>>> print(open('data12.tsv').read())   # TSV, C-alpha atoms and all ligand atoms
chain	number	residue	atom	x	y	z
L	1	MET	CA	67.42	166.23	76.80
L	2	PRO	CA	65.59	168.13	74.07
L	3	LEU	CA	63.35	166.21	71.72
L	4	ASN	CA	64.55	165.96	68.15
L	5	LEU	CA	61.58	167.48	66.35
L	6	PRO	CA	61.04	168.38	62.71
L	7	SER	CA	60.16	172.04	62.23
L	8	VAL	CA	56.77	171.08	60.80
L	9	ILE	CA	54.20	168.66	62.23
L	10	GLY	CA	51.07	167.65	60.30
L	11	HIS	CA	48.03	168.78	62.30
L	12	ARG	CA	45.37	166.08	62.73
L	13	GLY	CA	47.28	164.44	59.86
L	14	ALA	CA	47.04	166.97	57.06
L	15	ALA	CA	43.68	168.47	57.90
L	16	ALA	CA	43.52	170.86	54.96
L	17	TYR	CA	43.73	168.02	52.45
L	18	ALA	CA	42.04	165.03	54.06
L	19	PRO	CA	39.42	164.51	56.76
L	20	GLU	CA	41.14	165.26	60.07
L	21	ASN	CA	42.26	162.50	62.41
L	22	THR	CA	41.65	159.67	59.92
L	23	ILE	CA	44.02	157.07	58.50
L	24	GLU	CA	43.66	158.86	55.16
L	25	SER	CA	44.85	162.07	56.79
L	26	ILE	CA	47.93	160.39	58.25
L	27	HIS	CA	48.81	158.97	54.83
L	28	THR	CA	48.29	162.37	53.21
L	29	ALA	CA	50.65	164.02	55.71
L	30	ALA	CA	53.29	161.36	55.10
L	31	ASP	CA	52.86	161.67	51.32
L	32	MET	CA	53.38	165.43	51.68
L	33	GLY	CA	56.70	164.88	53.44
L	34	CYS	CA	55.75	165.26	57.11
L	35	LYS	CA	58.00	163.38	59.52
L	36	TRP	CA	55.63	163.76	62.47
L	37	VAL	CA	51.87	164.12	62.86
L	38	GLU	CA	49.64	165.36	65.65
L	39	LEU	CA	46.49	163.40	66.51
L	40	ASP	CA	43.82	163.89	69.19
L	41	VAL	CA	42.86	161.03	71.50
L	42	LYS	CA	39.43	160.62	73.09
L	43	LEU	CA	37.41	157.77	74.59
L	44	THR	CA	34.23	156.08	73.42
L	45	LYS	CA	31.53	155.31	75.98
L	46	ASP	CA	33.10	151.89	76.56
L	47	SER	CA	36.56	153.45	77.00
L	48	VAL	CA	38.20	152.58	73.69
L	49	PRO	CA	40.80	155.23	72.82
L	50	VAL	CA	40.06	156.64	69.37
L	51	ILE	CA	41.47	159.43	67.25
L	52	PHE	CA	38.93	162.24	67.43
L	53	HIS	CA	38.85	165.96	68.18
L	54	ASP	CA	35.39	167.23	69.12
L	55	ASP	CA	33.18	166.30	72.07
L	56	ASP	CA	30.35	165.73	69.58
L	57	LEU	CA	30.19	163.53	66.52
L	58	ASP	CA	28.24	165.94	64.35
L	59	ARG	CA	30.91	168.04	62.62
L	60	THR	CA	33.17	165.27	61.34
L	61	THR	CA	30.95	162.18	61.06
L	62	ASN	CA	27.43	161.25	60.01
L	63	GLY	CA	26.64	160.55	63.69
L	64	HIS	CA	25.09	162.82	66.29
L	65	GLY	CA	25.65	163.75	69.89
L	66	PRO	CA	28.53	163.22	72.31
L	67	ILE	CA	31.20	160.67	71.47
L	68	ALA	CA	31.26	159.86	75.21
L	69	GLU	CA	27.77	158.37	74.73
L	70	MET	CA	28.72	156.19	71.77
L	71	LYS	CA	29.98	152.63	72.16
L	72	TYR	CA	32.89	151.59	69.96
L	73	ASP	CA	30.83	149.04	68.00
L	74	ASP	CA	28.33	151.74	67.08
L	75	LEU	CA	31.09	154.19	66.21
L	76	CYS	CA	32.33	151.64	63.66
L	77	ASP	CA	29.07	152.10	61.73
L	78	LEU	CA	29.76	155.80	61.28
L	79	GLU	CA	31.51	157.44	58.38
L	80	ALA	CA	34.03	160.23	58.85
L	81	GLY	CA	35.03	161.32	55.34
L	82	SER	CA	32.03	162.58	53.34
L	83	TRP	CA	31.71	165.79	55.36
L	84	PHE	CA	35.14	166.73	53.98
L	85	SER	CA	34.62	165.59	50.39
L	86	GLU	CA	32.97	162.74	48.50
L	87	GLY	CA	36.42	161.48	47.51
L	88	PHE	CA	36.95	160.46	51.14
L	89	ALA	CA	33.57	158.78	51.60
L	90	GLY	CA	33.96	155.67	53.72
L	91	ALA	CA	36.74	156.98	55.99
L	92	LYS	CA	36.37	155.80	59.58
L	93	VAL	CA	37.18	157.10	63.04
L	94	PRO	CA	40.34	155.07	63.77
L	95	THR	CA	41.21	153.54	67.08
L	96	LEU	CA	44.51	154.64	68.60
L	97	GLU	CA	45.84	151.19	67.84
L	98	GLU	CA	44.89	151.40	64.15
L	99	ALA	CA	46.47	154.84	63.88
L	100	ILE	CA	49.71	153.66	65.51
L	101	GLU	CA	49.89	150.78	63.05
L	102	ILE	CA	49.94	153.29	60.18
L	103	ILE	CA	52.36	155.59	62.01
L	104	LEU	CA	54.77	152.66	62.30
L	105	GLN	CA	54.20	151.60	58.70
L	106	ARG	CA	54.94	155.13	57.45
L	107	ASP	CA	57.87	155.55	59.85
L	108	LEU	CA	56.49	158.71	61.45
L	109	GLY	CA	56.90	160.37	64.82
L	110	ILE	CA	53.77	161.25	66.69
L	111	ASN	CA	52.36	163.90	68.99
L	112	LEU	CA	49.36	162.44	70.78
L	113	GLU	CA	47.17	165.11	72.27
L	114	ILE	CA	45.05	163.75	75.11
L	115	LYS	CA	41.69	165.42	74.60
L	116	PRO	CA	39.48	164.11	77.38
L	117	CYS	CA	35.76	164.74	77.60
L	118	ALA	CA	34.98	166.54	80.88
L	119	GLY	CA	35.41	164.24	83.86
L	120	ARG	CA	37.43	161.62	81.94
L	121	GLU	CA	40.85	163.25	82.26
L	122	VAL	CA	42.49	160.41	84.19
L	123	GLU	CA	40.71	157.60	82.38
L	124	THR	CA	41.55	158.90	78.89
L	125	SER	CA	45.21	159.18	79.74
L	126	GLU	CA	45.27	155.71	81.33
L	127	ALA	CA	43.51	154.03	78.41
L	128	MET	CA	45.83	155.73	75.92
L	129	LEU	CA	48.95	154.72	77.82
L	130	ASP	CA	47.72	151.15	78.27
L	131	VAL	CA	47.48	150.77	74.50
L	132	LEU	CA	50.69	152.65	73.81
L	133	SER	CA	52.76	150.72	76.30
L	134	GLN	CA	51.96	147.54	74.38
L	135	ILE	CA	52.77	148.78	70.89
L	136	TRP	CA	55.16	151.73	71.11
L	137	ASP	CA	58.79	151.66	72.19
L	138	ASP	CA	60.40	154.61	70.43
L	139	ARG	CA	60.76	157.21	73.18
L	140	ASP	CA	62.41	159.72	70.85
L	141	ARG	CA	59.50	159.85	68.44
L	142	LEU	CA	56.60	160.36	70.79
L	143	LEU	CA	55.34	163.53	72.47
L	144	ILE	CA	52.33	163.39	74.77
L	145	THR	CA	50.50	166.68	75.21
L	146	SER	CA	47.31	168.01	76.72
L	147	PHE	CA	45.53	171.15	77.81
L	148	SER	CA	44.51	169.06	80.82
L	149	HIS	CA	47.13	169.06	83.56
L	150	VAL	CA	45.31	166.13	85.18
L	151	SER	CA	45.79	164.04	82.02
L	152	LEU	CA	49.44	165.05	81.91
L	153	GLU	CA	49.89	164.21	85.57
L	154	THR	CA	48.45	160.75	84.94
L	155	SER	CA	50.81	160.36	82.01
L	156	MET	CA	53.74	161.39	84.21
L	157	ASP	CA	52.75	158.84	86.87
L	158	MET	CA	52.31	156.01	84.38
L	159	ALA	CA	55.14	156.70	81.94
L	160	GLU	CA	57.53	159.15	83.51
L	161	ASP	CA	60.17	158.80	80.80
L	162	TRP	CA	57.98	159.64	77.84
L	163	TYR	CA	58.24	163.23	76.67
L	164	ARG	CA	55.38	165.48	77.70
L	165	GLY	CA	54.27	168.92	76.54
L	166	LEU	CA	51.92	171.42	78.15
L	167	LEU	CA	49.36	172.93	75.79
L	168	LEU	CA	48.42	176.53	76.51
L	169	GLU	CA	45.35	178.41	75.28
L	170	SER	CA	45.85	181.84	73.72
L	171	GLU	CA	45.26	183.28	77.20
L	172	PRO	CA	47.59	181.06	79.26
L	173	MET	CA	46.75	180.40	82.89
L	174	GLU	CA	48.83	182.46	85.30
L	175	ASN	CA	50.59	179.50	86.88
L	176	TRP	CA	51.79	177.92	83.61
L	177	LYS	CA	55.45	178.03	84.68
L	178	ASP	CA	54.74	176.22	87.96
L	179	LEU	CA	52.66	173.64	86.13
L	180	ALA	CA	55.35	173.12	83.51
L	181	GLY	CA	57.89	172.58	86.29
L	182	TYR	CA	55.69	170.22	88.29
L	183	LEU	CA	54.74	168.17	85.22
L	184	ASN	CA	58.34	168.19	84.07
L	185	VAL	CA	57.38	168.94	80.49
L	186	THR	CA	59.91	169.19	77.69
L	187	THR	CA	57.77	171.39	75.45
L	188	ILE	CA	55.34	174.27	75.79
L	189	ASN	CA	52.78	174.28	73.00
L	190	ILE	CA	51.27	177.69	72.33
L	191	ASP	CA	48.71	179.28	70.07
L	192	GLY	CA	51.10	180.76	67.52
L	193	ARG	CA	48.35	182.84	65.93
L	194	THR	CA	48.13	185.10	68.95
L	195	ALA	CA	51.44	184.68	70.82
L	196	SER	CA	53.63	187.74	71.31
L	197	ARG	CA	57.38	187.83	70.94
L	198	GLU	CA	57.67	188.67	74.65
L	199	PHE	CA	55.70	185.59	75.62
L	200	ILE	CA	57.87	183.38	73.41
L	201	GLU	CA	60.98	184.86	75.03
L	202	GLU	CA	59.51	184.19	78.46
L	203	ILE	CA	59.10	180.53	77.52
L	204	MET	CA	62.62	180.40	76.08
L	205	ASP	CA	63.90	181.54	79.47
L	206	THR	CA	62.49	178.31	80.95
L	207	GLU	CA	64.69	176.37	78.47
L	208	ARG	CA	61.81	174.37	77.10
L	209	GLN	CA	61.15	173.71	73.43
L	210	ILE	CA	58.35	175.77	71.92
L	211	LEU	CA	55.75	174.38	69.55
L	212	ALA	CA	53.07	176.56	67.95
L	213	TYR	CA	49.60	175.64	66.67
L	214	THR	CA	47.98	175.94	64.12
L	215	ILE	CA	50.00	177.77	61.50
L	216	ASN	CA	48.78	177.73	57.92
L	217	ASP	CA	50.37	180.95	56.77
L	218	GLN	CA	53.94	181.27	55.47
L	219	GLN	CA	54.54	184.77	56.74
L	220	LEU	CA	53.44	183.92	60.25
L	221	ALA	CA	55.48	180.70	60.13
L	222	ARG	CA	58.64	182.63	59.24
L	223	GLN	CA	58.02	185.20	61.94
L	224	LEU	CA	57.53	182.53	64.61
L	225	ARG	CA	60.65	180.79	63.39
L	226	ARG	CA	62.62	184.02	63.74
L	227	TRP	CA	61.24	184.51	67.21
L	228	GLY	CA	62.55	181.10	68.27
L	229	VAL	CA	59.65	178.66	67.87
L	230	ASP	CA	61.07	175.16	67.40
L	231	ALA	CA	58.22	173.46	65.55
L	232	MET	CA	54.81	174.29	64.13
L	233	PHE	CA	51.63	172.38	63.62
L	234	THR	CA	50.06	172.93	60.23
L	235	ASP	CA	46.98	171.71	58.39
L	236	ALA	CA	48.77	172.50	55.13
L	237	PRO	CA	52.24	170.93	55.03
L	238	ASP	CA	52.77	172.17	51.47
L	239	ILE	CA	52.39	175.80	52.55
L	240	VAL	CA	54.36	175.53	55.80
L	241	ASN	CA	57.13	173.02	55.26
L	242	ASP	CA	60.60	172.18	56.50
L	243	LEU	CA	62.46	173.35	53.42
L	244	LEU	CA	60.74	176.67	53.34
L	245	LEU	CA	61.42	177.33	57.00
L	246	LYS	CA	65.05	176.28	56.76
L	247	ALA	CA	65.55	178.56	53.76
L	248	HIS	CA	64.67	181.65	55.81
O	1	LIG	O1	48.12	170.19	69.66
O	1	LIG	C1	47.98	171.36	68.94
O	1	LIG	C2	46.54	171.66	68.63
O	1	LIG	O2	45.98	170.52	68.04
O	1	LIG	C3	45.74	172.06	69.84
O	1	LIG	O3	44.44	172.46	69.55
O	1	LIG	O4	42.02	172.14	69.23
O	1	LIG	O5	43.55	171.74	67.33
O	1	LIG	O6	43.47	170.14	69.23
O	1	LIG	P1	43.33	171.57	68.80
O	2	MG	MG	45.02	168.72	68.73
>>> encode(input="data12.tsv", output="structure tokens", more="lines below")
Ligand code: G3P
Ligand code: MG
Amino acid sequence: MPLNLPSVIGHRGAAAYAPENTIESIHTAADMGCKWVELDVKLTKDSVPVIFHDDDLDRTTNGHGPIAEMKYDDLCDLEAGSWFSEGFAGAKVPTLEEAIEIILQRDLGINLEIKPCAGREVETSEAMLDVLSQIWDDRDRLLITSFSHVSLETSMDMAEDWYRGLLLESEPMENWKDLAGYLNVTTINIDGRTASREFIEEIMDTERQILAYTINDQQLARQLRRWGVDAMFTDAPDIVNDLLLKAH
């Protein structure tokens, strides 16, 4: 069964207009008309799943060093909005649970990307699914993805029925088709900025849905749409939006 996806998914919320992966960013995406958002999931030192992209705290918070070395209580003291703009001063790194609460409130679908720090591939997936299994029951509005096939394998073992997607780098590994088959993924998520038409056709032959990241340009969005991409992640949902894509 294919997943019923909107053609546009807010990337890290709406990362061009609000600090990525924050509650404020989820609200901004919803306010801009997104029906789904993509968020990255990582663990703190004490294994609390939080919404965060980088291995290090430095780029998007006023903290320093690896997030894997930071306990959740200490993470709560950090601020994750000022780096983006003073208007977002005070934004926090949300827990997965806090983010899901807002997702439910705003009636959104969600793509959770498991983004484990090295060596925590199984643990990150397990912790995420433990939380999710308690607070999420809408199978049709959840897609679990990862570049890590170990994290996806864990997800398959723990929650077989939930939709999974395999994330590919711009240079996909040679065995991506075997992996996609073994992990029984519904979607293949590609770097749409570098993907060729031939590669997209090769994926279409596997009868899996194709999602492309991270598309912030209308012309590229239309081209990928023409080539058969089902949905796109964008930081800028006003530039790449459903209406625009449907009109072409
Ligand atoms: O899931 C799509 C995209 O988010 C993958 O790359 O680095 O932005 O998490 P990244
Ligand atoms: Mg991501």
>>> atom_distance(input="data12.tsv", atom1="atom CA of L:Asp40", atom2="atom CA of L:Leu142")
13.4 Å
>>> atom_distance(input="data12.tsv", atom1="atom CA of L:Asp107", atom2="atom CA of L:Val240")
20.7 Å
>>> residues_near_point(input="data12.tsv", point="(45.6, 151.1, 76.2)", cutoff="12 Å", atoms="all atoms listed in the file", output="PDB file with C-alpha atoms, keeping the file's coordinate frame")
ATOM      1  CA  VAL L  41      42.860 161.030  71.500  1.00  0.00           C
ATOM      2  CA  LYS L  42      39.430 160.620  73.090  1.00  0.00           C
ATOM      3  CA  LEU L  43      37.410 157.770  74.590  1.00  0.00           C
ATOM      4  CA  SER L  47      36.560 153.450  77.000  1.00  0.00           C
ATOM      5  CA  VAL L  48      38.200 152.580  73.690  1.00  0.00           C
ATOM      6  CA  PRO L  49      40.800 155.230  72.820  1.00  0.00           C
ATOM      7  CA  VAL L  50      40.060 156.640  69.370  1.00  0.00           C
ATOM      8  CA  THR L  95      41.210 153.540  67.080  1.00  0.00           C
ATOM      9  CA  LEU L  96      44.510 154.640  68.600  1.00  0.00           C
ATOM     10  CA  GLU L  97      45.840 151.190  67.840  1.00  0.00           C
ATOM     11  CA  ILE L 100      49.710 153.660  65.510  1.00  0.00           C
ATOM     12  CA  GLU L 123      40.710 157.600  82.380  1.00  0.00           C
ATOM     13  CA  THR L 124      41.550 158.900  78.890  1.00  0.00           C
ATOM     14  CA  SER L 125      45.210 159.180  79.740  1.00  0.00           C
ATOM     15  CA  GLU L 126      45.270 155.710  81.330  1.00  0.00           C
ATOM     16  CA  ALA L 127      43.510 154.030  78.410  1.00  0.00           C
ATOM     17  CA  MET L 128      45.830 155.730  75.920  1.00  0.00           C
ATOM     18  CA  LEU L 129      48.950 154.720  77.820  1.00  0.00           C
ATOM     19  CA  ASP L 130      47.720 151.150  78.270  1.00  0.00           C
ATOM     20  CA  VAL L 131      47.480 150.770  74.500  1.00  0.00           C
ATOM     21  CA  LEU L 132      50.690 152.650  73.810  1.00  0.00           C
ATOM     22  CA  SER L 133      52.760 150.720  76.300  1.00  0.00           C
ATOM     23  CA  GLN L 134      51.960 147.540  74.380  1.00  0.00           C
ATOM     24  CA  ILE L 135      52.770 148.780  70.890  1.00  0.00           C
ATOM     25  CA  TRP L 136      55.160 151.730  71.110  1.00  0.00           C
ATOM     26  CA  MET L 158      52.310 156.010  84.380  1.00  0.00           C
TER      27      MET L 158
END
>>> residues_near_ligand(input="data12.tsv", ligand="ligand MG 2 (chain O)", cutoff="8 Å", atoms="all atoms listed in the file", output="JSON, numbers by chain")
{"L": [11, 12, 38, 39, 40, 53, 112, 113, 115]}
>>> residues_around(input="data12.tsv", residues="stretch 24-32 of chain L", least_positions_apart="6", cutoff="7 Å", atoms="all atoms listed in the file", output="ChimeraX atom specification")
/L:10,13-15,18,106,237-238
>>> closest_residue(input="data12.tsv", among="L:Leu167, L:Ile110, L:Met70, L:Ile200", to="ligand LIG 1 (chain O)", atoms="only C-alpha atoms and all ligand atoms")
L:Leu167
>>> residues_near_point(input="data12.tsv", point="(48.0, 176.2, 80.2)", cutoff="9 Å", atoms="all atoms listed in the file", output="PyMOL selection string")
chain L and resi 146-149+166-177+179-180+188-190
>>> atom_distance(input="data12.tsv", atom1="atom CA of L:Gln209", atom2="atom CA of L:Met1")
10.3 Å
>>> axis_aligned_box(input="data12.tsv", around="ligand LIG 1 (chain O)", padding_each_side="5 Å", output="AutoDock Vina command-line options")
--center_x 45.1 --center_y 171.3 --center_z 68.6 --size_x 16.1 --size_y 12.3 --size_z 12.5
>>> closest_residue(input="data12.tsv", among="L:Thr61, L:Thr234, L:Ser155, L:Thr194", to="ligand LIG 1 (chain O)", atoms="all atoms listed in the file")
L:Thr234
>>> closest_residue(input="data12.tsv", among="L:Ala99, L:Ile9, L:Met156, L:Ala89", to="ligand LIG 1 (chain O)", atoms="all atoms listed in the file")
L:Ile9
>>> residues_around(input="data12.tsv", residues="L:Gly228", least_positions_apart="4", cutoff="10 Å", atoms="all atoms listed in the file", output="ChimeraX atom specification")
/L:197,200-201,203-204,209-211,222-224
>>> closest_residue(input="data12.tsv", among="L:Arg225, L:Lys246, L:Arg120, L:Arg164", to="ligand LIG 1 (chain O)", atoms="only C-alpha atoms and all ligand atoms")
L:Arg164
>>> closest_residue(input="data12.tsv", among="L:Gly63, L:Gly181, L:Gly165, L:Gly33", to="ligand LIG 1 (chain O)", atoms="all atoms listed in the file")
L:Gly165
>>> build_atoms(input="data12.tsv", residues="stretch 85-99 of chain L", atoms="N, CA and C atoms", output="mmCIF file, keeping the file's coordinate frame")
data_model
loop_
_atom_site.group_PDB
_atom_site.id
_atom_site.type_symbol
_atom_site.label_atom_id
_atom_site.label_comp_id
_atom_site.auth_asym_id
_atom_site.auth_seq_id
_atom_site.Cartn_x
_atom_site.Cartn_y
_atom_site.Cartn_z
ATOM 1 N N SER L 85 34.891 165.627 51.829
ATOM 2 C CA SER L 85 34.620 165.590 50.390
ATOM 3 C C SER L 85 34.203 164.178 50.010
ATOM 4 N N GLU L 86 33.474 164.062 48.918
ATOM 5 C CA GLU L 86 32.970 162.740 48.500
ATOM 6 C C GLU L 86 34.117 161.773 48.193
ATOM 7 N N GLY L 87 35.254 162.322 47.794
ATOM 8 C CA GLY L 87 36.420 161.480 47.510
ATOM 9 C C GLY L 87 36.888 160.687 48.732
ATOM 10 N N PHE L 88 36.534 161.153 49.908
ATOM 11 C CA PHE L 88 36.950 160.460 51.140
ATOM 12 C C PHE L 88 35.793 159.702 51.786
ATOM 13 N N ALA L 89 34.722 159.513 51.041
ATOM 14 C CA ALA L 89 33.570 158.780 51.600
ATOM 15 C C ALA L 89 34.044 157.404 52.060
ATOM 16 N N GLY L 90 33.584 157.001 53.218
ATOM 17 C CA GLY L 90 33.960 155.670 53.720
ATOM 18 C C GLY L 90 35.059 155.720 54.773
ATOM 19 N N ALA L 91 35.700 156.876 54.943
ATOM 20 C CA ALA L 91 36.740 156.980 55.990
ATOM 21 C C ALA L 91 36.099 156.736 57.358
ATOM 22 N N LYS L 92 36.888 156.167 58.262
ATOM 23 C CA LYS L 92 36.370 155.800 59.580
ATOM 24 C C LYS L 92 37.070 156.589 60.690
ATOM 25 N N VAL L 93 36.474 156.581 61.862
ATOM 26 C CA VAL L 93 37.180 157.100 63.040
ATOM 27 C C VAL L 93 38.115 155.979 63.493
ATOM 28 N N PRO L 94 39.430 156.181 63.412
ATOM 29 C CA PRO L 94 40.340 155.070 63.770
ATOM 30 C C PRO L 94 40.507 154.920 65.282
ATOM 31 N N THR L 95 40.774 153.715 65.696
ATOM 32 C CA THR L 95 41.210 153.540 67.080
ATOM 33 C C THR L 95 42.653 154.033 67.175
ATOM 34 N N LEU L 96 43.104 154.271 68.397
ATOM 35 C CA LEU L 96 44.510 154.640 68.600
ATOM 36 C C LEU L 96 45.415 153.550 68.031
ATOM 37 N N GLU L 97 45.022 152.317 68.290
ATOM 38 C CA GLU L 97 45.840 151.190 67.840
ATOM 39 C C GLU L 97 45.967 151.167 66.310
ATOM 40 N N GLU L 98 44.861 151.377 65.628
ATOM 41 C CA GLU L 98 44.890 151.400 64.150
ATOM 42 C C GLU L 98 45.763 152.548 63.646
ATOM 43 N N ALA L 99 45.670 153.689 64.310
ATOM 44 C CA ALA L 99 46.470 154.840 63.880
ATOM 45 C C ALA L 99 47.957 154.555 64.084
#
